[in-house]
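Data block for query-v9.pdb (PDB, C-alpha atoms):
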```pdb
MODEL        1
ATOM      1  CA  GLN A   1       6.422  15.535 -11.651  1.00  0.00           C
ATOM      2  CA  VAL A   2       6.791  12.611 -14.028  1.00  0.00           C
ATOM      3  CA  GLN A   3       5.111  12.542 -17.418  1.00  0.00           C
ATOM      4  CA  LEU A   4       4.257   9.247 -19.094  1.00  0.00           C
ATOM      5  CA  VAL A   5       3.204   8.776 -22.701  1.00  0.00           C
ATOM      6  CA  GLU A   6       2.016   5.373 -23.930  1.00  0.00           C
ATOM      7  CA  SER A   7       1.881   4.136 -27.496  1.00  0.00           C
ATOM      8  CA  GLY A   8       1.501   0.887 -29.378  1.00  0.00           C
ATOM      9  CA  GLY A   9      -2.055  -0.191 -28.695  1.00  0.00           C
ATOM     10  CA  GLY A  10      -4.362  -1.438 -31.398  1.00  0.00           C
ATOM     11  CA  SER A  11      -6.552  -4.271 -32.591  1.00  0.00           C
ATOM     12  CA  VAL A  12      -5.308  -7.784 -33.132  1.00  0.00           C
ATOM     13  CA  GLN A  13      -6.739 -11.257 -33.510  1.00  0.00           C
ATOM     14  CA  ALA A  14      -6.439 -13.827 -30.776  1.00  0.00           C
ATOM     15  CA  GLY A  15      -2.994 -15.371 -30.749  1.00  0.00           C
ATOM     16  CA  GLY A  16      -1.378 -12.220 -32.086  1.00  0.00           C
ATOM     17  CA  SER A  17       1.143  -9.873 -30.517  1.00  0.00           C
ATOM     18  CA  LEU A  18       1.465  -6.206 -29.659  1.00  0.00           C
ATOM     19  CA  ARG A  19       4.189  -4.150 -27.996  1.00  0.00           C
ATOM     20  CA  LEU A  20       3.292  -1.196 -25.848  1.00  0.00           C
ATOM     21  CA  SER A  21       5.777   1.576 -25.113  1.00  0.00           C
ATOM     22  CA  CYS A  22       5.821   4.106 -22.288  1.00  0.00           C
ATOM     23  CA  ALA A  23       8.161   7.076 -22.524  1.00  0.00           C
ATOM     24  CA  ALA A  24       8.902   8.762 -19.202  1.00  0.00           C
ATOM     25  CA  SER A  25      10.148  12.296 -18.666  1.00  0.00           C
ATOM     26  CA  GLY A  26      10.526  14.746 -15.820  1.00  0.00           C
ATOM     27  CA  TYR A  27      11.678  13.783 -12.339  1.00  0.00           C
ATOM     28  CA  THR A  28      11.990  10.082 -13.081  1.00  0.00           C
ATOM     29  CA  TYR A  29      14.755   9.750 -10.470  1.00  0.00           C
ATOM     30  CA  THR A  30      12.048  10.099  -7.802  1.00  0.00           C
ATOM     31  CA  THR A  31      10.559   6.737  -8.840  1.00  0.00           C
ATOM     32  CA  ASN A  32      11.926   3.225  -8.566  1.00  0.00           C
ATOM     33  CA  CYS A  33       9.199   1.083 -10.095  1.00  0.00           C
ATOM     34  CA  MET A  34       7.222   1.251 -13.293  1.00  0.00           C
ATOM     35  CA  ALA A  35       4.203  -0.795 -14.163  1.00  0.00           C
ATOM     36  CA  TRP A  36       1.508  -1.599 -16.656  1.00  0.00           C
ATOM     37  CA  PHE A  37      -2.082  -1.715 -15.505  1.00  0.00           C
ATOM     38  CA  ARG A  38      -5.229  -2.472 -17.463  1.00  0.00           C
ATOM     39  CA  GLN A  39      -8.897  -1.790 -17.077  1.00  0.00           C
ATOM     40  CA  ALA A  40     -11.611  -3.546 -19.035  1.00  0.00           C
ATOM     41  CA  PRO A  41     -15.140  -2.111 -19.292  1.00  0.00           C
ATOM     42  CA  GLY A  42     -17.076  -2.762 -16.113  1.00  0.00           C
ATOM     43  CA  LYS A  43     -14.038  -4.129 -14.290  1.00  0.00           C
ATOM     44  CA  GLU A  44     -11.603  -2.735 -11.773  1.00  0.00           C
ATOM     45  CA  ARG A  45      -8.148  -1.682 -12.824  1.00  0.00           C
ATOM     46  CA  GLU A  46      -5.588  -4.416 -12.273  1.00  0.00           C
ATOM     47  CA  GLY A  47      -1.837  -4.478 -12.206  1.00  0.00           C
ATOM     48  CA  VAL A  48      -0.377  -6.550 -15.033  1.00  0.00           C
ATOM     49  CA  ALA A  49       3.386  -6.270 -14.660  1.00  0.00           C
ATOM     50  CA  HIS A  50       5.937  -4.137 -12.904  1.00  0.00           C
ATOM     51  CA  ILE A  51       9.652  -3.621 -13.090  1.00  0.00           C
ATOM     52  CA  TYR A  52      12.121  -2.435 -10.483  1.00  0.00           C
ATOM     53  CA  THR A  53      13.988   0.114 -12.549  1.00  0.00           C
ATOM     54  CA  THR A  54      17.242  -0.204 -10.622  1.00  0.00           C
ATOM     55  CA  GLY A  55      17.605  -3.967 -10.877  1.00  0.00           C
ATOM     56  CA  SER A  56      15.271  -4.684 -13.815  1.00  0.00           C
ATOM     57  CA  THR A  57      13.527  -7.400 -11.834  1.00  0.00           C
ATOM     58  CA  THR A  58       9.980  -8.068 -12.915  1.00  0.00           C
ATOM     59  CA  THR A  59       6.691  -9.334 -11.516  1.00  0.00           C
ATOM     60  CA  TYR A  60       3.554 -10.424 -13.364  1.00  0.00           C
ATOM     61  CA  VAL A  61      -0.031 -11.133 -12.541  1.00  0.00           C
ATOM     62  CA  ASP A  62      -0.778 -14.838 -12.989  1.00  0.00           C
ATOM     63  CA  SER A  63      -3.059 -14.357 -15.991  1.00  0.00           C
ATOM     64  CA  VAL A  64      -0.236 -12.993 -18.179  1.00  0.00           C
ATOM     65  CA  LYS A  65       2.751 -15.014 -16.981  1.00  0.00           C
ATOM     66  CA  GLY A  66       4.548 -16.631 -19.880  1.00  0.00           C
ATOM     67  CA  ARG A  67       2.796 -14.400 -22.417  1.00  0.00           C
ATOM     68  CA  PHE A  68       3.723 -10.825 -21.460  1.00  0.00           C
ATOM     69  CA  THR A  69       7.179  -9.381 -20.884  1.00  0.00           C
ATOM     70  CA  ILE A  70       7.935  -6.026 -19.297  1.00  0.00           C
ATOM     71  CA  SER A  71      11.327  -4.487 -20.042  1.00  0.00           C
ATOM     72  CA  GLN A  72      13.080  -1.158 -20.006  1.00  0.00           C
ATOM     73  CA  ASP A  73      15.556   0.886 -21.978  1.00  0.00           C
ATOM     74  CA  LYS A  74      17.180   3.101 -19.376  1.00  0.00           C
ATOM     75  CA  ALA A  75      18.932   5.248 -21.976  1.00  0.00           C
ATOM     76  CA  LYS A  76      15.576   6.122 -23.503  1.00  0.00           C
ATOM     77  CA  ASN A  77      13.644   6.254 -20.192  1.00  0.00           C
ATOM     78  CA  THR A  78      11.178   3.905 -21.826  1.00  0.00           C
ATOM     79  CA  VAL A  79       9.363   0.845 -20.542  1.00  0.00           C
ATOM     80  CA  TYR A  80       7.853  -1.751 -22.848  1.00  0.00           C
ATOM     81  CA  LEU A  81       5.197  -4.421 -22.569  1.00  0.00           C
ATOM     82  CA  GLN A  82       5.561  -7.176 -25.126  1.00  0.00           C
ATOM     83  CA  MET A  83       2.275  -9.059 -25.320  1.00  0.00           C
ATOM     84  CA  ASN A  84       2.215 -12.418 -27.088  1.00  0.00           C
ATOM     85  CA  SER A  85      -0.479 -15.068 -27.472  1.00  0.00           C
ATOM     86  CA  LEU A  86      -3.110 -12.438 -26.866  1.00  0.00           C
ATOM     87  CA  LYS A  87      -6.577 -13.521 -25.781  1.00  0.00           C
ATOM     88  CA  PRO A  88      -9.928 -11.736 -26.024  1.00  0.00           C
ATOM     89  CA  GLU A  89      -9.879 -11.360 -22.247  1.00  0.00           C
ATOM     90  CA  ASP A  90      -6.766  -9.175 -22.603  1.00  0.00           C
ATOM     91  CA  THR A  91      -8.943  -6.503 -24.201  1.00  0.00           C
ATOM     92  CA  ALA A  92      -8.677  -3.373 -22.061  1.00  0.00           C
ATOM     93  CA  MET A  93      -7.283   0.105 -21.767  1.00  0.00           C
ATOM     94  CA  TYR A  94      -3.656  -0.261 -20.771  1.00  0.00           C
ATOM     95  CA  TYR A  95      -1.995   2.329 -18.570  1.00  0.00           C
ATOM     96  CA  CYS A  96       1.636   2.942 -17.778  1.00  0.00           C
ATOM     97  CA  ALA A  97       2.433   4.008 -14.224  1.00  0.00           C
ATOM     98  CA  ALA A  98       5.443   5.094 -12.205  1.00  0.00           C
ATOM     99  CA  GLY A  99       5.995   5.413  -8.499  1.00  0.00           C
ATOM    100  CA  SER A 100       8.199   4.934  -5.490  1.00  0.00           C
ATOM    101  CA  SER A 101       7.507   1.501  -4.072  1.00  0.00           C
ATOM    102  CA  SER A 102       8.822  -0.536  -1.217  1.00  0.00           C
ATOM    103  CA  VAL A 103      11.173  -3.146  -2.578  1.00  0.00           C
ATOM    104  CA  ILE A 104      11.532  -6.592  -1.048  1.00  0.00           C
ATOM    105  CA  GLY A 105      14.169  -8.976  -2.261  1.00  0.00           C
ATOM    106  CA  GLY A 106      14.859  -6.683  -5.180  1.00  0.00           C
ATOM    107  CA  TYR A 107      11.265  -6.720  -6.420  1.00  0.00           C
ATOM    108  CA  CYS A 108       8.606  -4.008  -6.420  1.00  0.00           C
ATOM    109  CA  ASN A 109       6.354  -4.964  -3.540  1.00  0.00           C
ATOM    110  CA  THR A 110       2.969  -3.392  -4.118  1.00  0.00           C
ATOM    111  CA  TRP A 111       0.589  -2.274  -6.831  1.00  0.00           C
ATOM    112  CA  ALA A 112      -0.637   0.561  -4.612  1.00  0.00           C
ATOM    113  CA  SER A 113       2.315   2.941  -4.730  1.00  0.00           C
ATOM    114  CA  TYR A 114       1.938   4.313  -8.252  1.00  0.00           C
ATOM    115  CA  ASN A 115       1.124   7.992  -8.405  1.00  0.00           C
ATOM    116  CA  TYR A 116       2.057   8.939 -11.957  1.00  0.00           C
ATOM    117  CA  TRP A 117      -0.096   7.705 -14.824  1.00  0.00           C
ATOM    118  CA  GLY A 118      -0.183   7.887 -18.583  1.00  0.00           C
ATOM    119  CA  GLN A 119      -3.279   8.593 -20.629  1.00  0.00           C
ATOM    120  CA  GLY A 120      -3.794   4.972 -21.630  1.00  0.00           C
ATOM    121  CA  THR A 121      -3.734   3.042 -24.867  1.00  0.00           C
ATOM    122  CA  GLN A 122      -6.489   0.702 -26.055  1.00  0.00           C
ATOM    123  CA  VAL A 123      -5.816  -2.956 -26.781  1.00  0.00           C
ATOM    124  CA  THR A 124      -8.580  -4.937 -28.461  1.00  0.00           C
ATOM    125  CA  VAL A 125      -8.261  -8.663 -29.121  1.00  0.00           C
ATOM    126  CA  SER A 126     -10.856 -10.307 -31.307  1.00  0.00           C
ATOM    127  CA  SER A 127     -11.651 -14.019 -31.361  1.00  0.00           C
TER     128      SER A 127
ENDMDL
END
```
Could you show the structure in this file as structure tokens?
Amino acid sequence: QVQLVESGGGSVQAGGSLRLSCAASGYTYTTNCMAWFRQAPGKEREGVAHIYTTGSTTTYVDSVKGRFTISQDKAKNTVYLQMNSLKPEDTAMYYCAAGSSSVIGGYCNTWASYNYWGQGTQVTVSS
């Protein structure tokens, strides 16, 4: 089992920044990718960014490219999501996830392989 605990959500005005943290514990060696997902009210959950924990390569959904950065601190077993230039449409519950994914070219290949989830942290961006 892998346990994930998120922190760092909150309320911010458009254009502001937040940094989310996800601390992992347990059998983390059984996973090779970690990700941030989000789910807004009335919408499906979507993958935002993931990181291949071995090579630290990253992938982003188009809507956050250039604004969000996923990173990791291997010594702390923690993954971060730095969110800059936030927009009202970024408002959602953000979830950290971990899993064992197929890797192509050194990048996590799919959003569908995550089987460990945190409890979520709310991000609200006001206009």
**OP:** I need the residue set behind the PyMOL selection byres ((chain A and resi 30) around 12) for this file; please write it as a count of residues only.
**Re:** 21
Subject >> Distance of atom CA of A:Gly120 from atom CA of A:Val5, expressed in Å to one decimal place >> reply: 8.0 Å
Could you write out as AutoDock Vina command-line options the box around stretch 92-107 of chain A (axis-aligned, all atoms listed in the file, 6 Å on each side), with centre and edge lengths in Å to one decimal?
```
--center_x 3.1 --center_y -1.8 --center_z -11.6 --size_x 35.5 --size_y 26.4 --size_z 33.0
```
Subject >> Reference answer for the PyMOL selection byres ((chain A and resi 18) around 12), as a ChimeraX atom specification >> reply: /A:7-17,19-21,67-69,80-87,90-91,94,121-125
Subject >> Counting all atoms listed in the file, the option among A:Ile51, A:Ala40, A:Ala75, A:Val103 closest to A:Pro88 >> reply: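 Residue with the minimum atom-to-atom distance to A:Pro88: A:Ala40.
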**OP:** Work out how far apart atom CA of A:Pro41 and atom CA of A:Ala92 are and give it in Å to one decimal.
**Re:** 7.1 Å
Original post:
Skipping near chain neighbours, those fewer than 4 positions away, what residues fall within 9 Å of stretch 56-63 of chain A using only C-alpha atoms, listed as a ChimeraX atom specification?
Top reply: /A:46-52,67-72,106-108
Please, could all heavy atoms be added to stretch 45-56 of chain A and the result written as a compact mmCIF listing (two decimals), keeping the file's coordinate frame?
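The resulting out-v5.txt:
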```txt
# COMPACT_ATOMS: atom_id res chain seq x y z
N ARG A 45 -9.50 -1.72 -12.28
CA ARG A 45 -8.15 -1.68 -12.82
C ARG A 45 -7.29 -2.72 -12.10
O ARG A 45 -7.38 -2.88 -10.89
CB ARG A 45 -7.56 -0.29 -12.64
CG ARG A 45 -6.20 -0.07 -13.25
CD ARG A 45 -5.78 1.37 -13.09
NE ARG A 45 -5.68 1.75 -11.70
CZ ARG A 45 -5.60 3.00 -11.27
NH1 ARG A 45 -5.65 3.99 -12.14
NH2 ARG A 45 -5.52 3.27 -9.99
N GLU A 46 -6.47 -3.41 -12.87
CA GLU A 46 -5.59 -4.42 -12.27
C GLU A 46 -4.16 -4.21 -12.74
O GLU A 46 -3.90 -3.81 -13.87
CB GLU A 46 -6.05 -5.84 -12.63
CG GLU A 46 -5.91 -6.21 -14.08
CD GLU A 46 -6.07 -7.70 -14.35
OE1 GLU A 46 -6.00 -8.51 -13.41
OE2 GLU A 46 -6.26 -8.05 -15.54
N GLY A 47 -3.24 -4.50 -11.84
CA GLY A 47 -1.84 -4.48 -12.21
C GLY A 47 -1.49 -5.68 -13.06
O GLY A 47 -1.91 -6.80 -12.74
N VAL A 48 -0.74 -5.48 -14.10
CA VAL A 48 -0.38 -6.55 -15.03
C VAL A 48 1.08 -6.97 -14.85
O VAL A 48 1.40 -8.15 -14.74
CB VAL A 48 -0.61 -6.09 -16.49
CG1 VAL A 48 -0.10 -7.14 -17.47
CG2 VAL A 48 -2.08 -5.80 -16.73
N ALA A 49 1.96 -5.98 -14.80
CA ALA A 49 3.39 -6.27 -14.66
C ALA A 49 4.08 -5.04 -14.11
O ALA A 49 3.68 -3.92 -14.41
CB ALA A 49 4.01 -6.64 -16.01
N HIS A 50 5.10 -5.26 -13.27
CA HIS A 50 5.94 -4.14 -12.90
C HIS A 50 7.40 -4.51 -12.88
O HIS A 50 7.76 -5.69 -12.82
CB HIS A 50 5.51 -3.39 -11.65
CG HIS A 50 5.19 -4.18 -10.44
ND1 HIS A 50 4.53 -3.61 -9.37
CD2 HIS A 50 5.39 -5.46 -10.07
CE1 HIS A 50 4.39 -4.51 -8.42
NE2 HIS A 50 4.88 -5.63 -8.81
N ILE A 51 8.21 -3.46 -12.98
CA ILE A 51 9.65 -3.62 -13.09
C ILE A 51 10.33 -2.68 -12.11
O ILE A 51 9.98 -1.50 -12.00
CB ILE A 51 10.13 -3.39 -14.55
CG1 ILE A 51 11.63 -3.66 -14.69
CG2 ILE A 51 9.78 -1.97 -15.03
CD1 ILE A 51 12.07 -3.77 -16.17
N TYR A 52 11.29 -3.23 -11.38
CA TYR A 52 12.12 -2.44 -10.48
C TYR A 52 13.20 -1.83 -11.36
O TYR A 52 14.06 -2.54 -11.90
CB TYR A 52 12.71 -3.33 -9.40
CG TYR A 52 13.67 -2.68 -8.45
CD1 TYR A 52 13.41 -1.44 -7.89
CD2 TYR A 52 14.86 -3.33 -8.08
CE1 TYR A 52 14.30 -0.86 -7.00
CE2 TYR A 52 15.74 -2.76 -7.19
CZ TYR A 52 15.46 -1.51 -6.65
OH TYR A 52 16.34 -0.94 -5.77
N THR A 53 13.16 -0.51 -11.52
CA THR A 53 13.99 0.11 -12.55
C THR A 53 15.48 0.05 -12.24
O THR A 53 16.29 0.12 -13.14
CB THR A 53 13.57 1.57 -12.77
OG1 THR A 53 13.63 2.27 -11.52
CG2 THR A 53 12.16 1.65 -13.33
N THR A 54 15.83 -0.11 -10.97
CA THR A 54 17.24 -0.20 -10.62
C THR A 54 17.81 -1.56 -11.00
O THR A 54 18.87 -1.67 -11.61
CB THR A 54 17.46 0.06 -9.13
OG1 THR A 54 16.98 1.36 -8.81
CG2 THR A 54 18.93 -0.05 -8.75
N GLY A 55 17.09 -2.63 -10.65
CA GLY A 55 17.60 -3.97 -10.88
C GLY A 55 16.99 -4.69 -12.04
O GLY A 55 17.39 -5.81 -12.37
N SER A 56 15.98 -4.09 -12.68
CA SER A 56 15.27 -4.68 -13.82
C SER A 56 14.56 -5.98 -13.47
O SER A 56 14.25 -6.77 -14.37
CB SER A 56 16.23 -4.92 -15.01
OG SER A 56 16.70 -3.69 -15.51
```
